[in-house]
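Engineer: Input file: start_33.cif. Contents: mmCIF, C-alpha atoms and all ligand atoms.
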data_protein
loop_
_atom_site.label_atom_id
_atom_site.label_comp_id
_atom_site.auth_asym_id
_atom_site.auth_seq_id
_atom_site.Cartn_x
_atom_site.Cartn_y
_atom_site.Cartn_z
CA MET B 21 72.19 125.84 126.32
CA MET B 22 69.90 128.77 126.76
CA TYR B 23 66.74 128.05 128.71
CA ARG B 24 63.43 129.55 127.70
CA PRO B 25 60.01 128.06 128.35
CA GLY B 26 58.78 125.94 125.47
CA ARG B 27 62.23 125.80 123.90
CA ILE B 28 63.01 122.90 121.60
CA PHE B 29 66.60 121.91 122.33
CA LEU B 30 69.14 120.29 120.06
CA SER B 31 69.91 117.31 122.29
CA VAL B 32 69.08 116.89 125.97
CA PRO B 33 69.58 114.21 128.62
CA HIS B 34 66.85 111.55 128.73
CA MET B 35 66.81 109.45 131.88
CA GLY B 36 65.57 105.89 131.77
CA GLY B 37 64.32 105.76 135.37
CA HIS B 38 66.75 103.44 137.14
CA GLU B 39 69.63 105.94 137.32
CA LYS B 40 68.51 107.25 140.68
CA ASN B 41 68.48 103.76 142.20
CA TYR B 42 72.16 103.26 141.38
CA VAL B 43 73.02 106.76 142.64
CA GLN B 44 70.99 106.34 145.80
CA LYS B 45 72.62 103.02 146.58
CA ALA B 46 76.07 104.56 146.14
CA ILE B 47 75.21 107.32 148.60
CA GLU B 48 73.66 104.92 151.11
CA ASP B 49 76.72 102.68 151.00
CA ASN B 50 79.12 105.65 151.08
CA TRP B 51 80.60 104.84 147.70
CA VAL B 52 80.84 108.59 147.00
CA THR B 53 84.20 107.87 145.47
CA THR B 54 86.22 107.33 142.31
CA ALA B 55 86.17 103.59 142.91
CA GLY B 56 83.22 101.33 143.63
CA PRO B 57 80.53 98.99 142.43
CA ASN B 58 78.90 101.37 139.94
CA LEU B 59 82.22 101.83 138.16
CA VAL B 60 82.77 98.09 138.00
CA GLY B 61 79.18 97.58 136.82
CA PHE B 62 79.27 100.40 134.29
CA GLU B 63 82.49 99.14 132.71
CA HIS B 64 81.06 95.61 132.61
CA ASP B 65 77.91 96.90 130.93
CA ILE B 66 79.90 98.93 128.38
CA CYS B 67 81.75 95.74 127.45
CA GLN B 68 78.46 93.86 127.18
CA HIS B 69 76.93 96.45 124.89
CA THR B 70 79.92 96.95 122.64
CA ASN B 71 81.43 93.49 122.80
CA ALA B 72 84.70 95.11 123.88
CA ARG B 73 87.05 93.14 126.12
CA TYR B 74 88.03 95.99 128.45
CA ALA B 75 86.48 99.35 129.31
CA VAL B 76 87.86 102.08 131.53
CA ALA B 77 85.45 104.84 132.59
CA LEU B 78 86.93 108.34 132.66
CA ASN B 79 85.60 111.76 133.53
CA SER B 80 85.16 113.05 129.98
CA GLY B 81 85.42 112.03 126.36
CA THR B 82 88.23 114.52 125.94
CA ALA B 83 90.14 112.87 128.79
CA ALA B 84 89.53 109.54 127.06
CA ILE B 85 91.04 110.78 123.78
CA HIS B 86 94.00 112.24 125.68
CA MET B 87 94.44 108.93 127.47
CA ALA B 88 94.17 106.89 124.26
CA LEU B 89 96.88 108.90 122.52
CA ARG B 90 99.10 108.80 125.60
CA LEU B 91 98.70 105.00 125.76
CA LEU B 92 99.88 104.78 122.16
CA GLY B 93 103.00 106.72 123.07
CA VAL B 94 102.16 109.98 121.30
CA GLY B 95 104.51 112.67 122.54
CA PRO B 96 106.12 116.02 121.71
CA GLY B 97 106.78 116.54 117.99
CA ASP B 98 104.85 113.43 116.88
CA GLU B 99 102.27 113.74 114.13
CA VAL B 100 98.73 112.41 114.52
CA LEU B 101 96.44 112.05 111.51
CA CYS B 102 93.00 113.34 112.50
CA SER B 103 89.63 113.93 110.84
CA THR B 104 89.24 117.63 110.11
CA PHE B 105 85.43 117.49 110.05
CA THR B 106 84.84 117.22 113.80
CA PHE B 107 84.49 119.05 117.08
CA ALA B 108 87.67 120.65 118.47
CA ALA B 109 87.69 118.22 121.42
CA SER B 110 88.82 115.48 119.02
CA ALA B 111 92.10 117.23 118.27
CA ASN B 112 92.81 119.29 121.40
CA PRO B 113 94.40 116.30 123.19
CA ILE B 114 96.94 116.07 120.35
CA LEU B 115 98.08 119.55 121.40
CA TYR B 116 98.00 118.61 125.13
CA LEU B 117 100.70 116.05 124.31
CA GLY B 118 102.83 118.52 122.37
CA ALA B 119 102.10 116.57 119.18
CA LYS B 120 100.90 117.95 115.85
CA PRO B 121 97.60 117.19 114.18
CA VAL B 122 97.65 116.53 110.45
CA PHE B 123 94.11 116.99 109.23
CA ILE B 124 92.43 114.66 106.74
CA ASP B 125 89.29 115.66 104.87
CA SER B 126 86.09 113.68 104.42
CA GLU B 127 84.58 111.48 101.74
CA ALA B 128 81.04 112.20 100.57
CA GLU B 129 79.34 108.95 101.58
CA THR B 130 79.71 109.19 105.39
CA TRP B 131 81.32 112.66 105.78
CA ASN B 132 84.12 110.99 107.74
CA MET B 133 87.84 110.52 107.07
CA CYS B 134 88.58 109.68 103.43
CA PRO B 135 90.70 106.49 103.17
CA ASP B 136 92.36 107.63 99.92
CA THR B 137 93.35 110.97 101.42
CA LEU B 138 94.59 109.14 104.50
CA ARG B 139 96.88 107.05 102.31
CA ASP B 140 98.18 110.12 100.47
CA ALA B 141 98.96 111.82 103.79
CA ILE B 142 100.77 108.77 105.20
CA GLU B 143 102.83 108.43 102.00
CA GLU B 144 103.80 112.07 101.94
CA ARG B 145 104.63 112.38 105.64
CA THR B 146 106.56 109.10 105.64
CA ASN B 147 108.56 110.24 102.61
CA LYS B 148 109.45 113.37 104.55
CA GLY B 149 110.73 111.21 107.42
CA LYS B 150 107.71 111.95 109.62
CA LYS B 151 105.84 108.68 109.84
CA PRO B 152 102.58 109.44 111.71
CA LYS B 153 102.33 108.03 115.22
CA ALA B 154 98.56 107.43 115.28
CA ILE B 155 95.32 107.88 113.34
CA LEU B 156 92.30 109.45 115.04
CA VAL B 157 89.12 108.57 113.14
CA VAL B 158 85.87 110.30 114.11
CA HIS B 159 82.37 108.84 113.57
CA LEU B 160 80.67 112.20 113.25
CA TYR B 161 77.00 112.58 114.20
CA GLY B 162 76.90 108.83 114.84
CA MET B 163 77.61 107.76 111.25
CA PRO B 164 80.33 105.10 111.12
CA ALA B 165 83.39 106.01 109.06
CA LYS B 166 84.54 103.65 106.29
CA LEU B 167 86.27 101.43 108.78
CA LYS B 168 87.16 98.56 106.45
CA GLU B 169 89.07 100.81 104.07
CA LEU B 170 90.57 102.96 106.84
CA MET B 171 91.77 99.97 108.88
CA ALA B 172 93.28 98.41 105.74
CA VAL B 173 95.37 101.53 105.15
CA ALA B 174 96.33 101.78 108.83
CA ASP B 175 97.35 98.08 108.93
CA GLU B 176 99.30 98.34 105.71
CA TYR B 177 101.51 101.05 107.23
CA GLY B 178 101.41 99.67 110.78
CA ILE B 179 99.91 102.80 112.38
CA PRO B 180 97.56 102.38 115.36
CA VAL B 181 93.99 103.73 115.16
CA VAL B 182 91.95 105.49 117.82
CA GLU B 183 88.24 105.69 117.06
CA ASP B 184 86.58 108.84 118.39
CA ALA B 185 83.16 107.27 118.82
CA ALA B 186 82.08 110.03 121.24
CA GLU B 187 78.92 110.56 119.19
CA ALA B 188 78.47 107.01 117.96
CA LEU B 189 77.71 104.73 120.91
CA GLY B 190 75.29 102.11 119.57
CA SER B 191 76.32 102.56 115.94
CA ARG B 192 77.51 99.50 114.04
CA TYR B 193 79.71 98.78 111.06
CA SER B 194 79.52 95.36 109.37
CA GLY B 195 77.52 94.22 112.37
CA HIS B 196 80.15 95.23 114.95
CA GLN B 197 79.93 98.15 117.36
CA VAL B 198 82.07 101.13 116.41
CA GLY B 199 84.93 101.68 118.81
CA THR B 200 85.97 98.02 118.57
CA PHE B 201 87.87 98.30 115.25
CA GLY B 202 90.81 100.46 116.31
CA GLN B 203 93.36 99.66 119.05
CA ILE B 204 91.35 101.97 121.29
CA GLY B 205 87.79 103.28 121.05
CA VAL B 206 86.55 106.39 122.82
CA PHE B 207 83.05 107.25 124.04
CA SER B 208 81.67 110.42 125.60
CA PHE B 209 78.80 110.65 128.07
CA SER B 210 78.59 114.44 128.11
CA ASP B 211 75.17 115.99 128.54
CA ASP B 212 74.25 116.22 124.86
CA LYS B 213 75.29 112.72 123.80
CA ILE B 214 72.93 109.78 123.15
CA ILE B 215 73.31 108.67 126.77
CA THR B 216 74.91 110.73 129.52
CA THR B 217 76.53 110.55 132.94
CA SER B 218 76.25 114.40 133.08
CA ALA B 219 79.95 114.43 132.20
CA GLY B 220 82.01 111.38 131.46
CA GLY B 221 83.76 109.20 128.95
CA ALA B 222 85.41 105.84 128.46
CA ILE B 223 87.98 103.98 126.46
CA ILE B 224 87.52 100.44 125.21
CA THR B 225 90.24 98.09 124.03
CA ALA B 226 91.01 94.42 123.48
CA GLU B 227 94.42 94.73 125.16
CA GLN B 228 94.58 94.20 128.90
CA GLU B 229 97.91 96.00 129.14
CA LEU B 230 96.38 99.18 127.73
CA ALA B 231 93.37 98.99 130.05
CA ASP B 232 95.58 98.46 133.11
CA LYS B 233 97.82 101.33 132.12
CA ALA B 234 94.80 103.61 131.60
CA LEU B 235 93.52 102.86 135.09
CA PHE B 236 96.94 103.57 136.54
CA LEU B 237 97.44 106.86 134.67
CA ALA B 238 93.87 108.00 135.41
CA ASN B 239 94.56 107.77 139.12
CA HIS B 240 97.63 110.07 139.26
CA ALA B 241 99.90 107.20 138.16
CA ASN B 242 99.85 106.14 141.78
CA ASP B 243 101.77 102.93 142.13
CA ALA B 244 102.01 100.78 145.18
CA ALA B 245 105.57 101.85 145.99
CA PRO B 246 105.79 102.51 149.74
CA ASN B 247 107.70 105.78 149.36
CA ASP B 248 104.98 107.20 147.09
CA ASP B 249 107.50 108.00 144.38
CA HIS B 250 105.91 108.87 141.08
CA ALA B 251 107.85 107.66 138.10
CA GLU B 252 105.27 108.65 135.50
CA LEU B 253 103.13 111.69 134.74
CA GLY B 254 99.56 110.82 135.72
CA TYR B 255 96.15 112.45 135.46
CA ASN B 256 93.07 112.81 137.62
CA TYR B 257 90.76 111.33 135.01
CA ARG B 258 88.70 108.65 136.78
CA LEU B 259 84.91 108.85 136.55
CA SER B 260 83.09 109.14 139.86
CA ASN B 261 81.11 106.19 141.19
CA ILE B 262 78.06 108.51 141.38
CA SER B 263 78.28 109.38 137.67
CA ALA B 264 78.87 105.72 136.84
CA GLY B 265 75.56 104.99 138.56
CA ILE B 266 73.79 107.33 136.15
CA GLY B 267 75.64 105.55 133.34
CA ARG B 268 74.37 102.14 134.44
CA GLY B 269 70.79 103.34 134.30
CA GLN B 270 71.40 104.97 130.93
CA LEU B 271 72.93 101.87 129.36
CA GLU B 272 69.74 99.99 130.22
CA VAL B 273 67.92 102.21 127.72
CA LEU B 274 70.65 102.71 125.11
CA GLU B 275 68.96 100.52 122.50
CA LEU B 276 65.69 102.37 123.03
CA ARG B 277 67.45 105.73 122.69
CA VAL B 278 69.03 104.61 119.41
CA LYS B 279 65.60 103.54 118.16
CA GLN B 280 64.09 106.88 119.19
CA ARG B 281 66.85 108.96 117.56
CA ARG B 282 66.44 106.94 114.37
CA GLU B 283 62.69 107.60 114.48
CA VAL B 284 63.40 111.33 114.77
CA PHE B 285 65.63 111.09 111.70
CA ASN B 286 63.00 109.10 109.77
CA LEU B 287 60.30 111.59 110.61
CA TYR B 288 62.36 114.54 109.41
CA ARG B 289 63.29 112.68 106.25
CA SER B 290 59.75 111.68 105.40
CA GLN B 291 58.46 115.20 106.01
CA LEU B 292 61.25 117.24 104.46
CA GLU B 293 62.89 115.18 101.72
CA SER B 294 60.45 116.45 99.09
CA ILE B 295 61.97 119.93 99.45
CA GLU B 296 63.99 120.45 96.30
CA GLY B 297 67.71 120.56 96.91
CA LEU B 298 67.49 119.44 100.53
CA ALA B 299 69.48 116.30 101.30
CA PHE B 300 69.88 113.83 104.15
CA LEU B 301 72.93 111.73 104.91
CA GLN B 302 72.13 108.18 103.76
CA GLU B 303 73.17 105.13 105.68
CA PRO B 304 75.55 102.96 103.60
CA LYS B 305 74.72 99.23 103.45
CA THR B 306 77.62 98.39 105.77
CA SER B 307 76.44 100.74 108.47
CA PHE B 308 73.88 101.26 111.18
CA SER B 309 73.95 104.80 112.58
CA ASN B 310 72.61 105.76 116.00
CA ARG B 311 71.51 108.99 114.26
CA TRP B 312 72.71 110.97 117.26
CA LEU B 313 71.99 114.20 115.41
CA THR B 314 69.90 114.54 112.26
CA THR B 315 71.79 116.65 109.76
CA VAL B 316 70.48 118.20 106.56
CA LEU B 317 72.17 119.85 103.61
CA LEU B 318 70.12 122.91 102.69
CA PRO B 319 69.09 123.78 99.16
CA GLU B 320 71.62 125.80 97.16
CA GLY B 321 71.49 129.50 98.06
CA GLN B 322 70.28 128.96 101.64
CA GLN B 323 72.62 130.15 104.38
CA PRO B 324 72.78 127.75 107.33
CA GLU B 325 73.37 130.63 109.74
CA SER B 326 70.26 132.47 108.52
CA ILE B 327 68.15 129.34 108.96
CA ARG B 328 69.69 128.77 112.40
CA LYS B 329 68.78 132.32 113.47
CA ALA B 330 65.28 132.02 112.05
CA LEU B 331 64.74 128.76 113.96
CA GLU B 332 66.04 130.52 117.07
CA GLU B 333 63.29 133.15 116.58
CA GLU B 334 60.83 130.27 116.94
CA ASN B 335 62.60 129.09 120.12
CA ILE B 336 64.11 126.13 118.28
CA GLU B 337 67.75 125.29 118.89
CA SER B 338 69.75 124.04 115.91
CA ARG B 339 73.47 123.90 115.24
CA LEU B 340 75.75 124.57 112.30
CA LEU B 341 77.78 121.60 111.14
CA CYS B 342 81.31 121.42 112.53
CA LYS B 343 83.65 124.03 111.18
CA PRO B 344 86.56 121.98 109.81
CA LEU B 345 89.47 122.16 112.22
CA HIS B 346 92.03 123.08 109.54
CA LEU B 347 90.10 126.35 109.07
CA GLN B 348 90.22 127.29 112.75
CA PRO B 349 92.73 129.79 114.18
CA LEU B 350 93.92 127.33 116.85
CA PHE B 351 95.04 124.90 114.15
CA ALA B 352 96.11 127.44 111.52
CA ASP B 353 99.68 126.07 111.44
CA SER B 354 98.63 122.44 111.01
CA LEU B 355 99.04 120.41 107.85
CA TYR B 356 95.92 119.51 105.91
CA PHE B 357 95.21 116.96 103.19
CA GLY B 358 92.01 117.00 101.17
CA ASP B 359 89.82 118.53 98.52
CA GLY B 360 87.73 120.89 100.64
CA LEU B 361 84.63 118.67 100.98
CA SER B 362 84.20 119.35 104.71
CA GLU B 363 84.22 123.10 104.06
CA LYS B 364 81.47 122.67 101.45
CA LEU B 365 79.42 120.62 103.91
CA TYR B 366 79.96 123.24 106.62
CA ASN B 367 78.69 125.93 104.27
CA ARG B 368 75.50 124.02 103.45
CA GLY B 369 74.50 122.01 106.48
CA LEU B 370 72.56 122.20 109.71
CA CYS B 371 71.84 119.89 112.68
CA LEU B 372 68.16 119.73 113.65
CA PRO B 373 66.80 119.10 117.17
CA SER B 374 67.31 115.38 117.71
CA SER B 375 66.60 114.56 121.36
CA SER B 376 65.15 111.12 121.98
CA SER B 377 62.55 112.79 124.22
CA LEU B 378 61.13 115.04 121.47
CA GLN B 379 57.34 115.06 121.43
CA GLU B 380 55.27 114.76 118.26
CA GLU B 381 54.11 118.39 118.51
CA GLU B 382 57.68 119.56 118.85
CA LEU B 383 58.80 117.64 115.79
CA GLU B 384 55.80 118.99 113.89
CA LYS B 385 56.77 122.52 114.86
CA VAL B 386 60.34 122.04 113.59
CA VAL B 387 59.06 120.52 110.34
CA LYS B 388 56.52 123.31 109.84
CA THR B 389 59.10 126.00 110.55
CA MET B 390 61.65 124.44 108.18
CA LYS B 391 59.03 124.24 105.42
CA LYS B 392 58.05 127.86 106.00
CA LEU B 393 61.69 129.03 105.99
CA LEU B 394 62.44 127.13 102.81
CA GLU B 395 59.20 128.46 101.32
CA VAL B 396 57.51 125.25 100.34
CA VAL B 397 54.12 125.85 101.97
C1 LIG V 401 81.61 115.29 122.75
C2 LIG V 401 82.76 114.97 121.88
C3 LIG V 401 84.06 114.84 122.38
C4 LIG V 401 84.43 115.20 123.78
O1 LIG V 401 83.70 114.59 124.75
P1 LIG V 401 83.50 115.32 126.18
O2 LIG V 401 82.90 114.25 127.00
O3 LIG V 401 82.60 116.48 125.95
O4 LIG V 401 84.85 115.74 126.66
C5 LIG V 401 85.06 114.44 121.52
N1 LIG V 401 84.82 114.20 120.22
C6 LIG V 401 83.60 114.34 119.69
C7 LIG V 401 83.40 114.02 118.24
C8 LIG V 401 82.54 114.75 120.49
O5 LIG V 401 81.33 114.91 119.95
#
Output the file's structure as structure tokens, nothing else.

Structural biologist:
Amino acid sequence: MMYRPGRIFLSVPHMGGHEKNYVQKAIEDNWVTTAGPNLVGFEHDICQHTNARYAVALNSGTAAIHMALRLLGVGPGDEVLCSTFTFAASANPILYLGAKPVFIDSEAETWNMCPDTLRDAIEERTNKGKKPKAILVVHLYGMPAKLKELMAVADEYGIPVVEDAAEALGSRYSGHQVGTFGQIGVFSFSDDKIITTSAGGAIITAEQELADKALFLANHANDAAPNDDHAELGYNYRLSNISAGIGRGQLEVLELRVKQRREVFNLYRSQLESIEGLAFLQEPKTSFSNRWLTTVLLPEGQQPESIRKALEEENIESRLLCKPLHLQPLFADSLYFGDGLSEKLYNRGLCLPSSSSLQEEELEKVVKTMKKLLEVV
């Protein structure tokens, strides 16, 4: 992020106050390590908040996705069904493992993976003798995907699901926290997410075997064998006990941060929804979104990139919606199933500044600038 005085950022860290106590204690007690009480506490607190049975804290959300797919046995040549409307970090780990993403487009209600398209893709790949190894469902911008329908399809064909809930900590579907529906859920605590450890991530799961294996692989697959022989390929993916201390402080204020982000969304909606042709993503009855980022679809004829640049002129940071992965050069050879909805959304949408720490004057400035740009004042 570019720093300029008075800049209104898209999404910044927002400390709760107790983070420094946990960090200070770790330093005083010399737990400046990748094991220790903050890690134990942070994982415990993640379980408390999400109602997950096991949590393993890792050093990024990307590492957590990589780990999740590895735990499910994804390997060279395997196919993984993945949302196309997402950030590249969702799908990069598929390539790390030598596997192939098969991209699935969105449905209009939540912008996330379409269950009907998922079924079509499974049918077609299975008929070709390439039964998919896993399904990676993203809850983009904090909005829960249609989990009931998606899980029904996944269960019908016996394919495990990883939920990329990197942006959706605190979001709920049918009253349950997202990340707890699939075999493995993934969170990110990178510096622009709803809570942060500066960099970090985690997996959650109900299966002890998976959690144990994740811990083992995250620490170089170091087993207790006296000759230090390594039988398995490991990673250096453990979160530091210092970062976990920040995470403990942040989890104390997660509910407040969700409330604040939802207030930001509500303010934008109340101030901007009268603009003809401008649309907000509604929350379906089944869902409670953390509203990590407020997104808008601009009126017909408005170019998101022009609006983004014009906001930039006012020292306001905004962001285009995700460019669908099947349209990106890195994934040009990948299979894709869908009707092009994500591309339409990409061509019409914009993310507005959504930090939980936004001040009233800042929000007013964004609203005023948007109204001016869309010529309604
Ligand atoms: C942030 C993010 C990731 C990656 O998390 P990092 O902690 O930055 O590695 C993965 N998927 C989505 C949807 C994200 O927003």

Engineer: When distances are computed from all atoms listed in the file, which of B:Gly36, B:Gly220, B:Gly93, B:Pro57 shows the smallest separation from ligand LIG 401 (chain V)?

Structural biologist: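 The shortest atom-to-atom distance to ligand LIG 401 (chain V) comes from B:Gly220.
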
Engineer: Can you tell me which residues surround Glu129 of chain B at a distance of at most 10 Å, considering only C-alpha atoms, apart from same-chain residues fewer than 5 positions away, and format the answer as a count of residues only?

Structural biologist: 8

Engineer: Neighbours of Ala172 of chain B within 12 Å (only C-alpha atoms; same-chain residues fewer than 4 positions away dropped), as a ChimeraX atom specification?

Structural biologist: /B:135-136,138-139,166-168,176-181,201-202

Engineer: To one decimal in Å, tell me the separation between atom CA of Leu370 of chain B and atom CA of Ile327 of chain B.

Structural biologist: 8.4 Å

Engineer: Give the residues close to ligand LIG 401 (chain V), within 8 Å, counting only C-alpha atoms and all ligand atoms; write them as an MDAnalysis selection string.

Structural biologist: chainID B and resid 79:85 106:110 158:161 184:187 207:213 219:221

Engineer: Determine the axis-aligned bounding box of all atoms of segment 306-312 of chain B present in the file, pad each side by 4 Å, and express its centre and edge lengths in Å to one decimal place as lines of an AutoDock Vina configuration file.

Structural biologist:
center_x = 74.6
center_y = 104.7
center_z = 111.5
size_x = 14.1
size_y = 20.6
size_z = 19.5

Engineer: What residues have an atom no more than 9 Å from (83.9, 98.1, 124.2) in the file's own frame, counting only C-alpha atoms, and can you write them as a CSV table (one decimal) with C-alpha atoms, in the frame of the given file?

Structural biologist:
chain,number,residue,atom,x,y,z
B,63,GLU,CA,82.5,99.1,132.7
B,66,ILE,CA,79.9,98.9,128.4
B,67,CYS,CA,81.8,95.7,127.4
B,68,GLN,CA,78.5,93.9,127.2
B,69,HIS,CA,76.9,96.4,124.9
B,70,THR,CA,79.9,97.0,122.6
B,71,ASN,CA,81.4,93.5,122.8
B,72,ALA,CA,84.7,95.1,123.9
B,73,ARG,CA,87.0,93.1,126.1
B,74,TYR,CA,88.0,96.0,128.4
B,75,ALA,CA,86.5,99.4,129.3
B,197,GLN,CA,79.9,98.2,117.4
B,198,VAL,CA,82.1,101.1,116.4
B,199,GLY,CA,84.9,101.7,118.8
B,200,THR,CA,86.0,98.0,118.6
B,204,ILE,CA,91.4,102.0,121.3
B,205,GLY,CA,87.8,103.3,121.0
B,206,VAL,CA,86.6,106.4,122.8
B,222,ALA,CA,85.4,105.8,128.5
B,223,ILE,CA,88.0,104.0,126.5
B,224,ILE,CA,87.5,100.4,125.2
B,225,THR,CA,90.2,98.1,124.0
B,226,ALA,CA,91.0,94.4,123.5

Engineer: Which residue gives the smallest distance to Asn239 of chain B among B:Arg90, B:Lys40, B:Arg328, B:Arg258, with only C-alpha atoms counted?

Structural biologist: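 Answer, going by the shortest atom-to-atom distance: B:Arg258.
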
Engineer: Could you check the closest approach to Phe123 of chain B for each of B:Asp353, B:Glu252, B:Glu325, B:Glu272 and tell me which residue wins, using all atoms listed in the file?

Structural biologist: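 Of B:Asp353, B:Glu252, B:Glu325, B:Glu272, the one nearest Phe123 of chain B is B:Asp353, counting all atoms listed in the file.
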
Engineer: Write out as a ChimeraX atom specification each polymer residue whose atoms come within 8 Å of Tyr42 of chain B, counting all atoms listed in the file; drop sequence neighbours fewer than 5 positions from it.

Structural biologist: /B:58,262,265-266,268-269

Engineer: Which residues come within 7 Å of segment 358-365 of chain B, counting only C-alpha atoms, excluding same-chain residues fewer than 4 positions away, as an MDAnalysis selection string?

Structural biologist: chainID B and resid 105 124:126 137 344 369

Engineer: Which residue, B:Glu293, B:Leu91, B:Ser309, B:Glu143, has the smallest gap to Gly190 of chain B when you use all atoms listed in the file?

Structural biologist: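 Looking only at the distances to Gly190 of chain B, the closest residue turns out to be B:Ser309.
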
Engineer: Around the point (66.9, 120.1, 106.2) (coordinates from the file), which residues reach within 8 Å if we count only C-alpha atoms? Answer as a PDB file with C-alpha atoms, in the frame of the given file.

Structural biologist:
ATOM      1  CA  TYR B 288      62.360 114.540 109.410  1.00  0.00           C
ATOM      2  CA  LEU B 292      61.250 117.240 104.460  1.00  0.00           C
ATOM      3  CA  GLU B 293      62.890 115.180 101.720  1.00  0.00           C
ATOM      4  CA  LEU B 298      67.490 119.440 100.530  1.00  0.00           C
ATOM      5  CA  ALA B 299      69.480 116.300 101.300  1.00  0.00           C
ATOM      6  CA  PHE B 300      69.880 113.830 104.150  1.00  0.00           C
ATOM      7  CA  THR B 315      71.790 116.650 109.760  1.00  0.00           C
ATOM      8  CA  VAL B 316      70.480 118.200 106.560  1.00  0.00           C
ATOM      9  CA  LEU B 317      72.170 119.850 103.610  1.00  0.00           C
ATOM     10  CA  LEU B 318      70.120 122.910 102.690  1.00  0.00           C
ATOM     11  CA  GLY B 369      74.500 122.010 106.480  1.00  0.00           C
ATOM     12  CA  LEU B 370      72.560 122.200 109.710  1.00  0.00           C
ATOM     13  CA  LEU B 372      68.160 119.730 113.650  1.00  0.00           C
ATOM     14  CA  MET B 390      61.650 124.440 108.180  1.00  0.00           C
TER      15      MET B 390
END

Engineer: Give the answer as one residue: which of B:Val43, B:Leu383, B:Ala88, B:Leu237 has the shortest atom-to-atom distance to Arg289 of chain B, using all atoms listed in the file?

Structural biologist: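 For Arg289 of chain B, the nearest of the given residues is B:Leu383.
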
Engineer: Taking the partial coordinates given, rebuild segment 123-134 of chain B to contain N, CA, C and O atoms; return it as a compact mmCIF listing (two decimals), keeping the file's coordinate frame.

Structural biologist:
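Writing the result to result39.txt gives the following:
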# COMPACT_ATOMS: atom_id res chain seq x y z
N PHE B 123 95.54 117.17 109.45
CA PHE B 123 94.11 116.99 109.23
C PHE B 123 93.81 116.35 107.88
O PHE B 123 94.41 116.67 106.86
N ILE B 124 92.85 115.42 107.92
CA ILE B 124 92.43 114.66 106.74
C ILE B 124 90.97 114.97 106.45
O ILE B 124 90.13 114.89 107.36
N ASP B 125 90.67 115.29 105.22
CA ASP B 125 89.29 115.66 104.87
C ASP B 125 88.40 114.42 104.70
O ASP B 125 88.85 113.28 104.80
N SER B 126 87.15 114.70 104.43
CA SER B 126 86.09 113.68 104.42
C SER B 126 85.87 113.11 103.03
O SER B 126 86.29 113.70 102.03
N GLU B 127 85.16 111.98 103.00
CA GLU B 127 84.58 111.48 101.74
C GLU B 127 83.07 111.74 101.81
O GLU B 127 82.53 111.92 102.90
N ALA B 128 82.43 111.73 100.64
CA ALA B 128 81.04 112.20 100.57
C ALA B 128 80.01 111.23 101.15
O ALA B 128 78.93 111.65 101.55
N GLU B 129 80.35 109.95 101.22
CA GLU B 129 79.34 108.95 101.58
C GLU B 129 78.98 108.98 103.07
O GLU B 129 77.82 108.79 103.44
N THR B 130 79.98 109.18 103.93
CA THR B 130 79.71 109.19 105.39
C THR B 130 80.11 110.51 106.04
O THR B 130 79.85 110.70 107.22
N TRP B 131 80.80 111.38 105.30
CA TRP B 131 81.32 112.66 105.78
C TRP B 131 82.53 112.49 106.70
O TRP B 131 83.04 113.45 107.27
N ASN B 132 82.98 111.25 106.85
CA ASN B 132 84.12 110.99 107.74
C ASN B 132 85.41 110.83 106.94
O ASN B 132 85.41 110.95 105.72
N MET B 133 86.49 110.54 107.66
CA MET B 133 87.84 110.52 107.07
C MET B 133 87.89 109.72 105.77
O MET B 133 87.46 108.57 105.72
N CYS B 134 88.47 110.33 104.74
CA CYS B 134 88.58 109.68 103.43
C CYS B 134 89.79 108.75 103.41
O CYS B 134 90.92 109.20 103.62
